[in-house]
$ cat start_34.csv   # CSV, C-alpha atoms
chain,number,residue,atom,x,y,z
A,1,GLY,CA,36.7,-43.8,-59.4
A,2,SER,CA,34.3,-44.9,-56.8
A,3,ARG,CA,36.7,-44.2,-53.9
A,4,THR,CA,36.9,-40.5,-54.9
A,5,TRP,CA,33.2,-40.4,-55.3
A,6,LEU,CA,32.8,-41.9,-51.8
A,7,ALA,CA,35.2,-39.4,-50.3
A,8,ALA,CA,33.4,-36.5,-52.1
A,9,ALA,CA,30.0,-37.8,-50.8
A,10,ALA,CA,31.4,-38.2,-47.3
A,11,ILE,CA,32.7,-34.6,-47.4
A,12,VAL,CA,29.3,-33.3,-48.7
A,13,ALA,CA,27.5,-35.3,-46.0
A,14,LEU,CA,29.9,-33.9,-43.4
A,15,LEU,CA,29.3,-30.3,-44.6
A,16,CYS,CA,25.5,-30.9,-44.7
A,17,SER,CA,25.7,-32.4,-41.2
A,18,GLY,CA,27.8,-29.4,-40.0
A,19,ALA,CA,25.4,-26.9,-41.5
A,20,GLY,CA,22.5,-28.9,-40.0
A,21,ASN,CA,24.1,-28.8,-36.6
A,22,PHE,CA,24.8,-25.1,-36.9
A,23,LEU,CA,21.2,-24.5,-37.8
A,24,LEU,CA,20.0,-26.7,-34.9
A,25,TYR,CA,22.4,-24.9,-32.6
A,26,ASN,CA,21.1,-21.5,-33.7
A,27,ARG,CA,17.5,-22.7,-33.3
A,28,LEU,CA,18.3,-24.0,-29.8
A,29,HIS,CA,19.8,-20.6,-28.9
A,30,GLN,CA,16.7,-18.8,-30.2
A,31,VAL,CA,14.4,-21.2,-28.2
A,32,ASN,CA,16.5,-20.6,-25.1
A,33,ASP,CA,16.4,-16.9,-25.5
A,34,ARG,CA,12.7,-17.0,-26.0
A,35,LEU,CA,12.3,-19.2,-22.8
A,36,ALA,CA,14.4,-16.7,-20.8
A,37,ASP,CA,12.2,-13.8,-22.1
A,38,LEU,CA,9.0,-15.8,-21.2
A,39,GLU,CA,10.5,-16.5,-17.7
A,40,ASN,CA,11.2,-12.8,-17.2
A,41,GLU,CA,7.6,-11.9,-18.4
A,42,ARG,CA,6.2,-14.5,-16.0
A,43,ALA,CA,8.3,-13.2,-13.1
A,44,VAL,CA,7.1,-9.6,-13.8
A,45,MET,CA,3.5,-10.7,-14.1
A,46,ALA,CA,3.7,-12.7,-10.9
A,47,GLU,CA,5.1,-9.6,-9.2
A,48,GLN,CA,2.3,-7.4,-10.5
A,49,MET,CA,-0.2,-9.9,-9.4
A,50,GLN,CA,1.3,-10.0,-5.9
A,51,VAL,CA,1.0,-6.2,-5.8
A,52,GLN,CA,-2.6,-6.3,-6.9
A,53,GLN,CA,-3.5,-9.0,-4.4
A,54,THR,CA,-1.9,-7.0,-1.6
A,55,SER,CA,-3.8,-3.9,-2.6
A,56,MET,CA,-7.0,-5.9,-2.8
A,57,LYS,CA,-6.4,-7.4,0.6
A,58,LYS,CA,-5.9,-3.9,2.0
A,59,THR,CA,-9.1,-2.7,0.4
A,60,GLN,CA,-11.0,-5.7,1.8
A,61,ASP,CA,-9.6,-5.0,5.3
A,62,GLN,CA,-10.6,-1.4,5.1
A,63,LEU,CA,-14.1,-2.2,3.8
A,64,ALA,CA,-14.5,-4.7,6.7
A,65,VAL,CA,-13.8,-1.9,9.1
A,66,VAL,CA,-16.1,0.6,7.4
A,67,PHE,CA,-19.0,-1.8,7.1
A,68,ASP,CA,-18.7,-3.5,10.5
A,69,PRO,CA,-22.0,-2.8,12.2
A,70,ASN,CA,-20.4,-3.0,15.6
A,71,LYS,CA,-18.0,-0.1,15.0
A,72,HIS,CA,-18.9,3.3,16.4
A,73,ILE,CA,-18.5,6.1,13.9
A,74,VAL,CA,-17.4,9.4,15.3
A,75,PRO,CA,-17.5,12.3,12.8
A,76,LEU,CA,-14.7,14.8,13.3
A,77,VAL,CA,-15.6,18.3,12.1
A,78,GLY,CA,-13.3,21.1,11.0
A,79,GLN,CA,-12.6,23.8,13.6
A,80,VAL,CA,-12.1,27.6,13.2
A,81,ILE,CA,-8.6,27.1,11.7
A,82,GLU,CA,-10.0,25.0,8.8
A,83,PRO,CA,-13.8,24.7,8.7
A,84,LYS,CA,-13.7,22.5,5.6
A,85,ALA,CA,-11.5,19.8,7.3
A,86,ALA,CA,-13.3,16.5,8.0
A,87,ALA,CA,-12.5,13.0,9.1
A,88,ARG,CA,-14.2,9.9,10.6
A,89,ILE,CA,-13.2,7.7,13.5
A,90,TYR,CA,-14.2,4.1,13.5
A,91,MET,CA,-14.0,2.7,17.0
A,92,ASP,CA,-14.5,-0.9,18.0
A,93,PRO,CA,-16.2,-1.0,21.4
A,94,SER,CA,-15.1,-4.5,22.2
A,95,THR,CA,-11.4,-4.1,21.4
A,96,SER,CA,-11.1,-0.2,21.6
A,97,ASP,CA,-9.3,-0.3,18.2
A,98,VAL,CA,-9.4,3.1,16.6
A,99,TYR,CA,-9.2,3.7,12.8
A,100,VAL,CA,-9.2,7.2,11.3
A,101,ASP,CA,-10.5,8.0,7.8
A,102,VAL,CA,-9.2,11.5,6.8
A,103,LEU,CA,-11.8,13.0,4.3
A,104,SER,CA,-10.2,16.4,4.0
A,105,LEU,CA,-7.2,18.0,5.6
A,106,PRO,CA,-4.7,20.4,4.1
A,107,LYS,CA,-1.2,19.0,3.4
A,108,PRO,CA,0.9,19.7,6.4
A,109,PRO,CA,3.7,22.2,5.9
A,110,PRO,CA,7.3,20.8,6.0
A,111,GLY,CA,8.4,19.7,9.4
A,112,LYS,CA,4.8,19.4,10.6
A,113,GLN,CA,2.5,16.4,11.1
A,114,TYR,CA,-1.0,15.8,12.2
A,115,GLN,CA,-1.6,14.1,15.5
A,116,LEU,CA,-4.7,12.3,16.8
A,117,TRP,CA,-5.8,12.8,20.4
A,118,ALA,CA,-8.3,10.9,22.4
A,119,GLN,CA,-10.1,12.4,25.4
A,120,VAL,CA,-9.9,9.8,28.2
A,121,ASP,CA,-11.0,10.7,31.7
A,122,GLY,CA,-10.9,14.4,30.9
A,123,LYS,CA,-7.2,14.1,29.7
A,124,MET,CA,-6.0,14.3,26.1
A,125,MET,CA,-4.0,11.2,25.2
A,126,ASP,CA,-1.8,10.7,22.2
A,127,ALA,CA,-3.5,8.4,19.8
A,128,GLY,CA,-0.8,8.4,17.1
A,129,MET,CA,0.5,10.4,14.2
A,130,LEU,CA,-1.5,10.7,11.0
A,131,ASP,CA,0.0,9.8,7.7
A,132,VAL,CA,-1.8,12.3,5.3
A,133,ALA,CA,-0.2,11.0,2.1
A,134,ASP,CA,-1.4,11.4,-1.5
A,135,ASN,CA,-1.4,7.7,-2.0
A,136,GLY,CA,-5.1,7.1,-1.4
A,137,GLU,CA,-4.4,5.4,1.9
A,138,GLN,CA,-7.7,6.3,3.4
A,139,LEU,CA,-8.1,4.3,6.6
A,140,GLN,CA,-5.3,4.3,9.1
A,141,ARG,CA,-5.1,2.2,12.3
A,142,MET,CA,-4.3,4.3,15.4
A,143,LYS,CA,-3.6,3.4,19.0
A,144,ALA,CA,-6.3,1.6,20.8
A,145,MET,CA,-8.2,4.0,23.1
A,146,PRO,CA,-10.4,2.4,25.8
A,147,ASN,CA,-13.1,4.8,27.2
A,148,ALA,CA,-12.4,7.6,24.8
A,149,THR,CA,-15.2,10.3,25.0
A,150,ALA,CA,-13.9,12.6,22.2
A,151,PHE,CA,-11.2,12.8,19.5
A,152,GLY,CA,-9.3,15.8,18.1
A,153,VAL,CA,-6.6,16.3,15.5
A,154,THR,CA,-3.9,19.0,15.9
A,155,LEU,CA,-0.9,20.1,13.7
A,156,GLU,CA,2.3,19.4,15.6
A,157,ASN,CA,6.0,19.3,14.9
A,158,MET,CA,7.2,16.2,13.1
A,159,GLY,CA,7.1,13.1,15.4
A,160,GLY,CA,4.4,14.6,17.6
A,161,SER,CA,4.0,16.4,20.9
A,162,PRO,CA,3.3,15.1,24.5
A,163,VAL,CA,0.4,17.6,24.8
A,164,PRO,CA,-1.9,19.0,22.1
A,165,THR,CA,-1.3,22.4,20.7
A,166,LEU,CA,-4.9,23.6,20.9
A,167,SER,CA,-4.3,26.7,18.9
A,168,GLU,CA,-3.6,24.3,16.0
A,169,LEU,CA,-6.8,22.2,16.5
A,170,TYR,CA,-8.1,21.2,13.0
A,171,LEU,CA,-10.7,18.5,13.9
A,172,PHE,CA,-12.8,17.6,16.9
A,173,GLY,CA,-15.7,15.3,17.6
A,174,GLN,CA,-17.5,13.8,20.6
A,175,VAL,CA,-18.1,10.1,20.9
A,176,GLY,CA,-21.9,9.8,20.4
$ encode --input "start_34.csv" --output "structure tokens"
Amino acid sequence: GSRTWLAAAAIVALLCSGAGNFLLYNRLHQVNDRLADLENERAVMAEQMQVQQTSMKKTQDQLAVVFDPNKHIVPLVGQVIEPKAAARIYMDPSTSDVYVDVLSLPKPPPGKQYQLWAQVDGKMMDAGMLDVADNGEQLQRMKAMPNATAFGVTLENMGGSPVPTLSELYLFGQVG
């Protein structure tokens, strides 16, 4: 009698407990999966935010250069080879830092690269290679050039030249 009933009740309780445990285990797995998904989403968002902060910092740095009232602005105008070419030099008289803002230059052909030159004591000095990319990188920091009286941009072989190829002069401007 009652013993059989107790055994049956115990088995039913055990089965219910097993089913309950199974459901709990499943629920725990779902929660863990969801947590992992959220953690991945958080990591992706943190990465995107980092990229945006870096981009914003770059923009702020560029604006700081452009709006610095102490910077000398030297307009570079297109020469015979490309009259529509244009760029601006921002020069810091106290540090001689030079930044170039390319406004318009044709994409260089393969194996060629633009080079910035500074006229110092009547000599043309290499002021660095220009990175004319399509990535909206407007302002580029070049080599510091104390006492520069003019700037020019020529098209040279990749990596640059020790002397400017004047037949390939795209831009030129005198320091006001």
$ closest_residue --input "start_34.csv" --among "A:Ser17, A:Ile11, A:Gln62, A:Lys71" --to "A:Ser96" --atoms "only C-alpha atoms"
A:Lys71
$ atom_distance --input "start_34.csv" --atom1 "atom CA of A:Thr149" --atom2 "atom CA of A:His72"
11.7 Å
$ residues_around --input "start_34.csv" --residues "A:Met124" --least-positions-apart "6" --cutoff "12 Å" --atoms "all atoms listed in the file" --output "PyMOL selection string"
chain A and resi 115-118+145+147-154+161-166+172
$ closest_residue --input "start_34.csv" --among "A:Phe22, A:Ile73, A:Gly128, A:Pro146" --to "A:Val175" --atoms "only C-alpha atoms"
A:Ile73
$ atom_distance --input "start_34.csv" --atom1 "atom CA of A:Lys112" --atom2 "atom CA of A:Glu168"
11.1 Å
$ residues_around --input "start_34.csv" --residues "A:Arg88" --least-positions-apart "5" --cutoff "9 Å" --atoms "all atoms listed in the file" --output "list in words"
Ile73, Val74, Pro75, Leu76, Val77, Tyr99, Val100, Asp101, Val102, Leu103 and Gly173 of chain A
$ residues_near_point --input "start_34.csv" --point "(-10.1, 24.7, 10.4)" --cutoff "9 Å" --atoms "all atoms listed in the file" --output "ChimeraX atom specification"
/A:77-85,105,168-171
$ atom_distance --input "start_34.csv" --atom1 "atom CA of A:Phe67" --atom2 "atom CA of A:Gln140"
15.1 Å
$ closest_residue --input "start_34.csv" --among "A:Gln113, A:Gln52, A:Gln174, A:Gln138" --to "A:Gly160" --atoms "all atoms listed in the file"
A:Gln113
$ closest_residue --input "start_34.csv" --among "A:Asp68, A:Glu39, A:Asp61, A:Glu156" --to "A:Arg141" --atoms "only C-alpha atoms"
A:Asp61
$ residues_around --input "start_34.csv" --residues "A:Gly111" --least-positions-apart "5" --cutoff "10 Å" --atoms "all atoms listed in the file" --output "MDAnalysis selection string"
chainID A and resid 156:159
